[in-house]
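Structure data (mmCIF, C-alpha atoms (C1' of nucleotides)) from run.cif:
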```cif
data_target
loop_
_atom_site.label_atom_id
_atom_site.label_comp_id
_atom_site.auth_asym_id
_atom_site.auth_seq_id
_atom_site.Cartn_x
_atom_site.Cartn_y
_atom_site.Cartn_z
CA MET C 1 8.71 16.45 22.96
CA ALA C 2 11.59 18.72 22.12
CA THR C 3 13.05 19.42 18.71
CA LEU C 4 15.21 16.56 17.51
CA ALA C 5 18.70 17.06 16.25
CA PRO C 6 19.23 15.96 12.66
CA ILE C 7 19.87 12.25 12.44
CA GLU C 8 23.54 11.32 12.70
CA VAL C 9 25.47 10.00 9.75
CA ASP C 10 28.23 8.35 11.76
CA PRO C 11 28.48 4.81 10.37
CA ARG C 12 27.91 3.28 13.77
CA THR C 13 24.50 4.91 14.08
CA CYS C 14 23.12 2.92 11.19
CA SER C 15 25.15 -0.24 11.35
CA ASP C 16 22.60 -2.97 11.73
CA VAL C 17 19.63 -1.38 13.34
CA PHE C 18 17.21 -3.95 12.03
CA ASN C 19 18.56 -6.92 13.90
CA GLN C 20 21.30 -5.86 16.26
CA PRO C 21 21.23 -2.11 16.67
CA VAL C 22 24.59 -0.73 17.67
CA GLY C 23 24.63 1.06 20.99
CA ASP C 24 21.25 -0.53 21.75
CA PRO C 25 19.02 2.29 20.52
CA ASP C 26 16.13 3.11 22.76
CA ARG C 27 12.89 1.39 21.76
CA THR C 28 10.72 3.80 23.71
CA PRO C 29 8.15 5.23 21.31
CA ARG C 30 8.21 8.94 21.82
CA HIS C 31 8.90 11.04 18.73
CA SER C 32 5.98 12.59 16.85
CA ILE C 33 5.84 12.47 13.09
CA SER C 34 6.61 16.17 12.73
CA GLU C 35 9.71 15.83 14.89
CA VAL C 36 10.95 12.93 12.83
CA ALA C 37 10.17 14.81 9.63
CA ALA C 38 12.23 17.75 10.80
CA ALA C 39 15.11 15.52 11.93
CA SER C 40 15.21 13.28 8.89
CA GLY C 41 14.57 15.81 6.16
CA LEU C 42 11.68 13.69 4.91
CA THR C 43 8.15 15.10 4.96
CA ALA C 44 5.44 13.64 7.19
CA HIS C 45 3.74 12.54 3.99
CA THR C 46 6.80 10.60 2.95
CA LEU C 47 7.19 9.00 6.37
CA ARG C 48 3.63 7.69 6.21
CA TRP C 49 4.19 6.55 2.67
CA TYR C 50 7.38 4.68 3.59
CA GLU C 51 5.45 2.90 6.29
CA ARG C 52 2.56 2.13 3.96
CA ILE C 53 4.80 0.49 1.36
CA GLY C 54 6.69 -1.47 4.00
CA LEU C 55 10.00 0.37 4.21
CA LEU C 56 9.28 0.93 7.88
CA ASP C 57 7.59 -1.62 10.12
CA PRO C 58 4.29 -0.37 11.51
CA VAL C 59 5.23 2.40 13.89
CA ASP C 60 4.01 2.42 17.50
CA ARG C 61 0.96 4.50 18.27
CA SER C 62 -0.07 6.74 21.14
CA ALA C 63 -3.37 6.10 22.94
CA SER C 64 -5.11 8.34 20.41
CA GLY C 65 -3.60 6.56 17.40
CA GLN C 66 -0.82 9.00 16.53
CA ARG C 67 2.57 7.65 15.45
CA ARG C 68 5.35 7.56 18.02
CA TYR C 69 8.76 6.77 16.58
CA CYS C 70 11.52 5.20 18.69
CA ASP C 71 15.26 5.73 18.29
CA ALA C 72 15.60 2.47 16.38
CA ASP C 73 13.15 3.85 13.83
CA LEU C 74 15.30 6.94 13.53
CA HIS C 75 18.37 4.84 12.91
CA ARG C 76 16.68 2.81 10.23
CA LEU C 77 15.47 6.05 8.66
CA ALA C 78 18.98 7.48 8.80
CA PHE C 79 20.33 4.54 6.89
CA LEU C 80 17.47 4.43 4.40
CA GLY C 81 17.88 8.17 3.91
CA ARG C 82 21.54 7.65 3.01
CA LEU C 83 20.66 4.96 0.49
CA ARG C 84 17.95 7.13 -1.01
CA LEU C 85 20.14 10.24 -1.10
CA THR C 86 22.76 8.30 -3.02
CA GLY C 87 20.35 7.16 -5.67
CA MET C 88 19.16 3.75 -4.54
CA THR C 89 15.63 3.22 -5.82
CA VAL C 90 12.80 2.73 -3.37
CA ALA C 91 12.28 -0.72 -4.91
CA ASP C 92 15.85 -1.72 -4.00
CA MET C 93 15.52 -0.29 -0.53
CA LEU C 94 12.41 -2.40 -0.12
CA ARG C 95 14.30 -5.44 -1.29
CA TYR C 96 16.97 -4.78 1.30
CA VAL C 97 14.46 -4.28 4.09
CA GLU C 98 12.64 -7.46 3.15
CA LEU C 99 15.89 -9.41 3.24
CA ALA C 100 16.61 -7.96 6.67
CA ARG C 101 13.22 -9.17 7.91
CA GLN C 102 14.16 -12.71 6.98
CA GLY C 103 17.06 -12.76 9.43
CA GLU C 104 20.52 -14.27 9.35
CA ARG C 105 20.09 -16.40 6.27
CA THR C 106 20.04 -13.29 4.08
CA PHE C 107 23.38 -11.80 5.14
CA GLU C 108 24.91 -12.63 1.77
CA GLY C 109 22.02 -11.15 -0.14
CA ARG C 110 22.13 -7.96 1.84
CA ARG C 111 25.87 -7.67 1.54
CA ASP C 112 25.66 -8.21 -2.22
CA LEU C 113 23.02 -5.53 -2.51
CA LEU C 114 25.15 -3.06 -0.59
CA VAL C 115 28.29 -3.99 -2.52
CA ALA C 116 26.47 -3.36 -5.78
CA HIS C 117 25.26 -0.03 -4.51
CA ARG C 118 28.74 0.88 -3.35
CA GLU C 119 30.00 0.30 -6.87
CA GLU C 120 27.34 2.61 -8.23
CA VAL C 121 28.23 5.24 -5.67
CA ARG C 122 31.90 5.02 -6.66
CA GLN C 123 31.01 5.36 -10.31
CA ARG C 124 28.91 8.40 -9.59
CA ILE C 125 31.69 10.01 -7.61
CA ALA C 126 33.95 9.52 -10.62
CA ASP C 127 31.34 11.03 -12.94
CA LEU C 128 30.89 14.00 -10.65
CA HIS C 129 34.63 14.62 -10.49
CA ALA C 130 34.90 14.52 -14.26
CA THR C 131 32.11 17.04 -14.53
CA LEU C 132 33.70 19.23 -11.89
CA ALA C 133 36.73 19.52 -14.17
CA VAL C 134 34.51 20.56 -17.07
CA LEU C 135 32.68 23.09 -14.92
CA ASP C 136 35.92 24.57 -13.60
CA TYR C 137 37.18 24.92 -17.14
CA LYS C 138 34.08 26.63 -18.43
CA ILE C 139 33.69 28.88 -15.42
CA ASP C 140 37.27 30.06 -15.89
CA LEU C 141 36.53 30.66 -19.53
CA TYR C 142 33.54 32.84 -18.65
CA ALA C 143 35.57 34.68 -16.04
CA GLY C 144 38.13 35.49 -18.70
CA LYS C 145 35.49 36.68 -21.14
CA ILE C 146 33.80 38.84 -18.54
CA ALA C 147 37.16 40.39 -17.66
CA ASP C 148 37.93 40.91 -21.36
CA ARG C 149 34.69 42.76 -21.82
CA GLY C 150 35.67 45.08 -19.00
CA GLU C 151 39.12 45.58 -20.49
CA PRO C 152 38.69 45.46 -24.25
CA ALA C 153 42.29 46.57 -24.80
CA ARG C 154 43.55 43.19 -23.65
CA ARG C 155 41.11 41.08 -25.56
CA GLN C 156 43.53 40.12 -28.32
CA GLN C 157 46.15 38.96 -25.88
CA ARG C 158 43.79 36.98 -23.66
CA LYS C 159 42.19 35.19 -26.55
CA LYS C 160 45.54 33.76 -27.54
CA GLN C 161 46.07 32.32 -24.08
CA SER C 162 42.75 30.71 -23.46
CA ALA C 163 41.36 29.60 -26.80
CA MET O 164 28.52 6.51 -41.72
CA ALA O 165 30.77 4.56 -39.42
CA THR O 166 30.19 3.87 -35.75
CA LEU O 167 31.03 6.90 -33.65
CA ALA O 168 33.34 6.71 -30.70
CA PRO O 169 31.66 7.73 -27.42
CA ILE O 170 31.71 11.47 -26.99
CA GLU O 171 34.81 12.75 -25.22
CA VAL O 172 34.64 14.18 -21.74
CA ASP O 173 37.86 16.17 -21.96
CA PRO O 174 36.94 19.67 -20.78
CA ARG O 175 38.19 21.24 -23.99
CA THR O 176 35.71 19.28 -26.04
CA CYS O 177 32.78 21.02 -24.43
CA SER O 178 34.24 24.37 -23.55
CA ASP O 179 32.05 26.85 -25.34
CA VAL O 180 30.60 25.00 -28.25
CA PHE O 181 27.62 27.28 -28.56
CA ASN O 182 29.46 30.41 -29.52
CA GLN O 183 33.13 29.70 -29.97
CA PRO O 184 33.69 25.99 -30.23
CA VAL O 185 37.17 24.99 -29.20
CA GLY O 186 39.19 23.37 -31.95
CA ASP O 187 36.60 24.61 -34.42
CA PRO O 188 34.38 21.54 -34.51
CA ASP O 189 33.26 20.52 -37.95
CA ARG O 190 29.83 21.84 -38.95
CA THR O 191 29.35 19.27 -41.69
CA PRO O 192 26.05 17.50 -41.01
CA ARG O 193 26.79 13.81 -41.27
CA HIS O 194 25.89 11.74 -38.21
CA SER O 195 22.59 9.85 -38.17
CA ILE O 196 20.41 9.84 -35.10
CA SER O 197 21.25 6.25 -34.24
CA GLU O 198 24.98 6.96 -34.37
CA VAL O 199 24.57 9.93 -32.09
CA ALA O 200 22.38 7.90 -29.77
CA ALA O 201 25.05 5.22 -29.51
CA ALA O 202 27.82 7.77 -28.99
CA SER O 203 26.01 9.92 -26.46
CA GLY O 204 24.26 7.28 -24.43
CA LEU O 205 20.94 9.02 -25.04
CA THR O 206 18.19 7.25 -26.96
CA ALA O 207 16.99 8.47 -30.35
CA HIS O 208 13.71 9.28 -28.61
CA THR O 209 15.49 11.51 -26.17
CA LEU O 210 17.51 13.24 -28.88
CA ARG O 211 14.33 14.14 -30.73
CA TRP O 212 12.72 15.24 -27.51
CA TYR O 213 15.70 17.47 -26.60
CA GLU O 214 15.37 19.11 -29.98
CA ARG O 215 11.62 19.49 -29.63
CA ILE O 216 11.90 21.29 -26.29
CA GLY O 217 14.70 23.52 -27.54
CA LEU O 218 17.76 22.05 -25.83
CA LEU O 219 19.22 21.53 -29.29
CA ASP O 220 18.76 23.93 -32.17
CA PRO O 221 16.91 22.40 -35.11
CA VAL O 222 19.27 19.79 -36.50
CA ASP O 223 20.22 19.73 -40.19
CA ARG O 224 18.33 17.32 -42.43
CA SER O 225 19.27 15.05 -45.30
CA ALA O 226 17.44 15.30 -48.64
CA SER O 227 14.89 12.82 -47.37
CA GLY O 228 14.31 14.69 -44.13
CA GLN O 229 16.41 12.60 -41.75
CA ARG O 230 18.46 14.30 -39.07
CA ARG O 231 22.18 14.76 -39.70
CA TYR O 232 24.15 15.92 -36.66
CA CYS O 233 27.41 17.81 -36.98
CA ASP O 234 30.36 17.67 -34.58
CA ALA O 235 29.27 20.89 -32.92
CA ASP O 236 25.96 19.19 -32.06
CA LEU O 237 27.92 16.33 -30.55
CA HIS O 238 29.93 18.73 -28.43
CA ARG O 239 26.85 20.49 -27.16
CA LEU O 240 25.32 17.10 -26.39
CA ALA O 241 28.44 16.04 -24.57
CA PHE O 242 28.25 19.03 -22.29
CA LEU O 243 24.50 18.79 -21.78
CA GLY O 244 24.94 15.10 -21.04
CA ARG O 245 27.44 15.96 -18.31
CA LEU O 246 25.07 18.47 -16.76
CA ARG O 247 22.21 16.00 -16.90
CA LEU O 248 24.28 13.13 -15.55
CA THR O 249 25.23 15.24 -12.57
CA GLY O 250 21.68 16.08 -11.70
CA MET O 251 20.95 19.37 -13.38
CA THR O 252 17.27 19.51 -14.26
CA VAL O 253 16.21 19.79 -17.86
CA ALA O 254 14.58 23.11 -16.98
CA ASP O 255 17.93 24.50 -15.81
CA MET O 256 19.70 23.14 -18.87
CA LEU O 257 17.12 24.92 -20.97
CA ARG O 258 17.74 28.12 -19.06
CA TYR O 259 21.46 27.78 -19.75
CA VAL O 260 20.94 27.13 -23.45
CA GLU O 261 18.59 30.07 -23.75
CA LEU O 262 21.15 32.33 -22.12
CA ALA O 263 23.76 31.07 -24.55
CA ARG O 264 21.49 31.96 -27.47
CA GLN O 265 21.41 35.56 -26.28
CA GLY O 266 25.15 35.95 -26.75
CA GLU O 267 27.82 37.81 -24.85
CA ARG O 268 25.58 39.80 -22.57
CA THR O 269 24.66 36.63 -20.66
CA PHE O 270 28.17 35.53 -19.70
CA GLU O 271 27.53 36.43 -16.07
CA GLY O 272 24.22 34.59 -15.99
CA ARG O 273 25.73 31.48 -17.50
CA ARG O 274 28.71 31.58 -15.20
CA ASP O 275 26.43 31.97 -12.18
CA LEU O 276 24.35 29.03 -13.30
CA LEU O 277 27.42 26.84 -13.65
CA VAL O 278 28.88 28.04 -10.36
CA ALA O 279 25.65 27.14 -8.60
CA HIS O 280 25.66 23.74 -10.23
CA ARG O 281 29.29 23.22 -9.27
CA GLU O 282 28.37 23.81 -5.67
CA GLU O 283 25.64 21.20 -5.90
CA VAL O 284 28.03 18.75 -7.47
CA ARG O 285 30.53 19.31 -4.66
CA GLN O 286 27.83 18.77 -2.09
CA ARG O 287 26.78 15.55 -3.73
CA ILE O 288 30.32 14.29 -3.81
CA ALA O 289 30.51 14.91 -0.08
CA ASP O 290 27.22 13.08 0.48
CA LEU O 291 28.39 10.16 -1.60
CA HIS O 292 31.67 9.92 0.32
CA ALA O 293 29.82 9.94 3.62
CA THR O 294 27.60 7.13 2.40
CA LEU O 295 30.58 5.22 1.13
CA ALA O 296 31.88 5.15 4.70
CA VAL O 297 28.55 3.80 5.95
CA LEU O 298 28.46 1.17 3.22
CA ASP O 299 32.03 0.06 3.94
CA TYR O 300 31.17 -0.28 7.60
CA LYS O 301 28.06 -2.34 7.03
CA ILE O 302 29.62 -4.51 4.36
CA ASP O 303 32.46 -5.34 6.74
CA LEU O 304 29.91 -6.13 9.40
CA TYR O 305 28.14 -8.57 7.10
CA ALA O 306 31.44 -10.11 6.06
CA GLY O 307 32.19 -10.74 9.74
CA LYS O 308 28.79 -12.27 10.35
CA ILE O 309 29.02 -14.51 7.33
CA ALA O 310 32.45 -15.68 8.48
CA ASP O 311 31.11 -16.27 12.00
CA ARG O 312 28.36 -18.44 10.67
CA GLY O 313 30.92 -20.57 8.91
CA GLU O 314 33.04 -20.79 12.04
CA PRO O 315 30.62 -20.87 14.97
CA ALA O 316 33.46 -21.59 17.42
CA ARG O 317 34.81 -18.08 17.00
CA ARG O 318 31.48 -16.31 17.18
CA GLN O 319 31.89 -15.15 20.78
CA GLN O 320 35.26 -13.63 20.09
CA ARG O 321 34.29 -11.89 16.86
CA LYS O 322 31.17 -10.38 18.37
CA LYS O 323 33.26 -8.63 20.98
CA GLN O 324 35.41 -6.99 18.32
CA SER O 325 32.75 -5.74 15.98
CA ALA O 326 29.73 -4.87 18.07
"C1'" DG G 327 7.51 -5.57 -56.76
"C1'" DG G 328 8.00 -6.83 -52.10
"C1'" DC G 329 10.58 -6.85 -47.95
"C1'" DT G 330 13.48 -4.83 -44.42
"C1'" DT G 331 15.59 -1.22 -41.98
"C1'" DG G 332 15.80 3.18 -40.38
"C1'" DC G 333 13.82 7.15 -40.00
"C1'" DT G 334 9.73 10.78 -39.49
"C1'" DT G 335 5.70 13.02 -36.60
"C1'" DG G 336 2.48 14.72 -32.57
"C1'" DG G 337 0.51 13.18 -28.96
"C1'" DA G 338 -0.32 9.86 -25.53
"C1'" DG G 339 1.56 6.81 -22.04
"C1'" DT G 340 4.85 5.28 -18.37
"C1'" DG G 341 7.38 4.88 -14.03
"C1'" DC G 342 9.12 6.83 -10.17
"C1'" DA G 343 8.77 9.13 -5.94
"C1'" DC G 344 6.46 11.57 -3.81
"C1'" DT G 345 2.57 15.06 -2.58
"C1'" DC G 346 -1.85 16.42 -1.74
"C1'" DC G 347 -6.86 16.09 -0.62
"C1'" DA G 348 -11.14 15.68 2.01
"C1'" DA G 349 -13.10 14.29 5.83
"C1'" DC G 350 -12.23 12.99 10.06
"C1'" DT G 351 -10.39 12.51 15.33
"C1'" DC G 352 -7.93 13.99 19.37
"C1'" DG G 353 -5.97 16.81 23.07
"C1'" DC G 354 -5.45 21.27 24.67
"C1'" DT G 355 -6.42 26.03 25.88
"C1'" DA G 356 -9.55 30.17 26.59
"C1'" DT Z 357 -18.21 24.52 24.64
"C1'" DA Z 358 -15.80 26.26 20.88
"C1'" DG Z 359 -11.85 26.71 18.36
"C1'" DC Z 360 -7.23 25.41 17.11
"C1'" DG Z 361 -3.41 22.69 15.65
"C1'" DA Z 362 -1.57 18.37 14.84
"C1'" DG Z 363 -2.54 14.16 13.60
"C1'" DT Z 364 -5.29 10.13 10.92
"C1'" DT Z 365 -6.82 7.55 6.31
"C1'" DG Z 366 -7.10 5.70 1.28
"C1'" DG Z 367 -6.96 7.19 -2.87
"C1'" DA Z 368 -6.14 10.56 -6.27
"C1'" DG Z 369 -2.98 13.91 -8.24
"C1'" DT Z 370 1.61 15.91 -9.56
"C1'" DG Z 371 6.06 16.72 -11.83
"C1'" DC Z 372 9.81 15.08 -14.04
"C1'" DA Z 373 12.09 12.88 -17.70
"C1'" DC Z 374 11.60 10.27 -20.64
"C1'" DT Z 375 9.38 6.43 -23.67
"C1'" DC Z 376 6.37 4.62 -26.76
"C1'" DC Z 377 2.84 4.40 -30.45
"C1'" DA Z 378 0.69 4.34 -34.95
"C1'" DA Z 379 1.00 5.55 -39.36
"C1'" DG Z 380 3.77 6.73 -42.84
"C1'" DC Z 381 8.02 7.64 -45.92
"C1'" DA Z 382 12.59 6.66 -48.27
"C1'" DA Z 383 16.46 3.82 -49.56
"C1'" DG Z 384 18.64 -0.52 -50.36
"C1'" DC Z 385 18.49 -5.35 -51.55
"C1'" DC Z 386 16.72 -9.92 -53.72
#
```
Let me see the structure of the file written as structure tokens.
Amino acid sequence: MATLAPIEVDPRTCSDVFNQPVGDPDRTPRHSISEVAAASGLTAHTLRWYERIGLLDPVDRSASGQRRYCDADLHRLAFLGRLRLTGMTVADMLRYVELARQGERTFEGRRDLLVAHREEVRQRIADLHATLAVLDYKIDLYAGKIADRGEPARRQQRKKQSA
Amino acid sequence: MATLAPIEVDPRTCSDVFNQPVGDPDRTPRHSISEVAAASGLTAHTLRWYERIGLLDPVDRSASGQRRYCDADLHRLAFLGRLRLTGMTVADMLRYVELARQGERTFEGRRDLLVAHREEVRQRIADLHATLAVLDYKIDLYAGKIADRGEPARRQQRKKQSA
DNA sequence: GGCTTGCTTGGAGTGCACTCCAACTCGCTA
DNA sequence: TAGCGAGTTGGAGTGCACTCCAAGCAAGCC
């Protein structure tokens, strides 16, 4: 069991891994929990916890009872990790996963959930950009003040420019 | 005490309100806690809590002991709100405020703190954009599937396109 | 005077998302 | 055969950022 590369974020790698995984991800159970932890950025604790609360279906086990994750598990984790990273609550992720378990008849529900999340993501991008402008402004201000302190002779002049 | 407009996010309104407020914000204490709550998006609980932990200096009081916020308080809150909204921890905000209290000699420290936060904000914007791509992809996929279900005759064809 | 509304306080409580613990098993190597 | 490292479990604990509570006060209105 070699070290796993970090899970891909290419859209196709997490398209619809629950029902019709793109590229037919391998279902061979073979990755240990520590490998998956390293690859996903989640801790082993968190992986077990996700399984316990139902975010992951029960993972395959080795003869001695240890977890062995397959590629499909990795893909689901990659997608869940994206949702989590972008602020979706675990409760909403659970809702999504439970819809997915119910099959085709929940396409609308799942789409709506993702559309709502996409709106939130867009809003947050806008918020972050607005804050970036504020940070740039203040950082420049500090840069000017630090320079002024080094060159007190120019203080008067600088103050006029950047008040 | 009229309803306050939401606090501005224009960079100049939160430039350096601690030491040299831009545009010389009014120091007249006049806004009640509920007005400030409405304008800032924070609850009255949170405003009191921010003051208790030292994020805000002790706010002026009316004759009967009620808080009266001045415009400078609003500006500080606007900036702190931006930091908070973009994921800075309260502990880091406190560190920033405490640096500001120490005056000029902490310009570098404050700048460094903001520069570090700016980097985090940029990283998060990148993460959000990456997730947006994944969400777009999956939402399109669901749209296709929902359409297919309505038009079973075309299912074969559509599947070929969007697998 | 009585009622309502809005505010005050310190400390306790909440919700989320982990994160850790103690006691245990298993496979492997020396 | 002993020791080690990696894994197992349910339940308890942690840290963060609020959020609420109970009891009380002050002002305004009928």
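Residue membership of the PyMOL selection byres ((chain G and resi 343) around 9) in the shown file amounts to C:Val90, G:DC342, G:DC344.
Within 10 Å of chain Z, counting all atoms listed in the file, chain C contributes Ser32, Ile33, Ser34, Ser64, Gly65, Gln66 and Arg67 of chain C.
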Residues returned when the PyMOL selection byres ((chain O and resi 309) around 10) runs on this file, as a count of residues only:
17
Hey, can you pull every residue with an atom no more than 10 Å from (14.1, 1.5, 9.6), using all atoms listed in the file, and send it as an MDAnalysis selection string?
chainID C and resid 14 16:18 50:51 54:57 59 71:81 97
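Here atom CA of Asp223 of chain O and atom CA of Thr191 of chain O stand 9.3 Å from one another.
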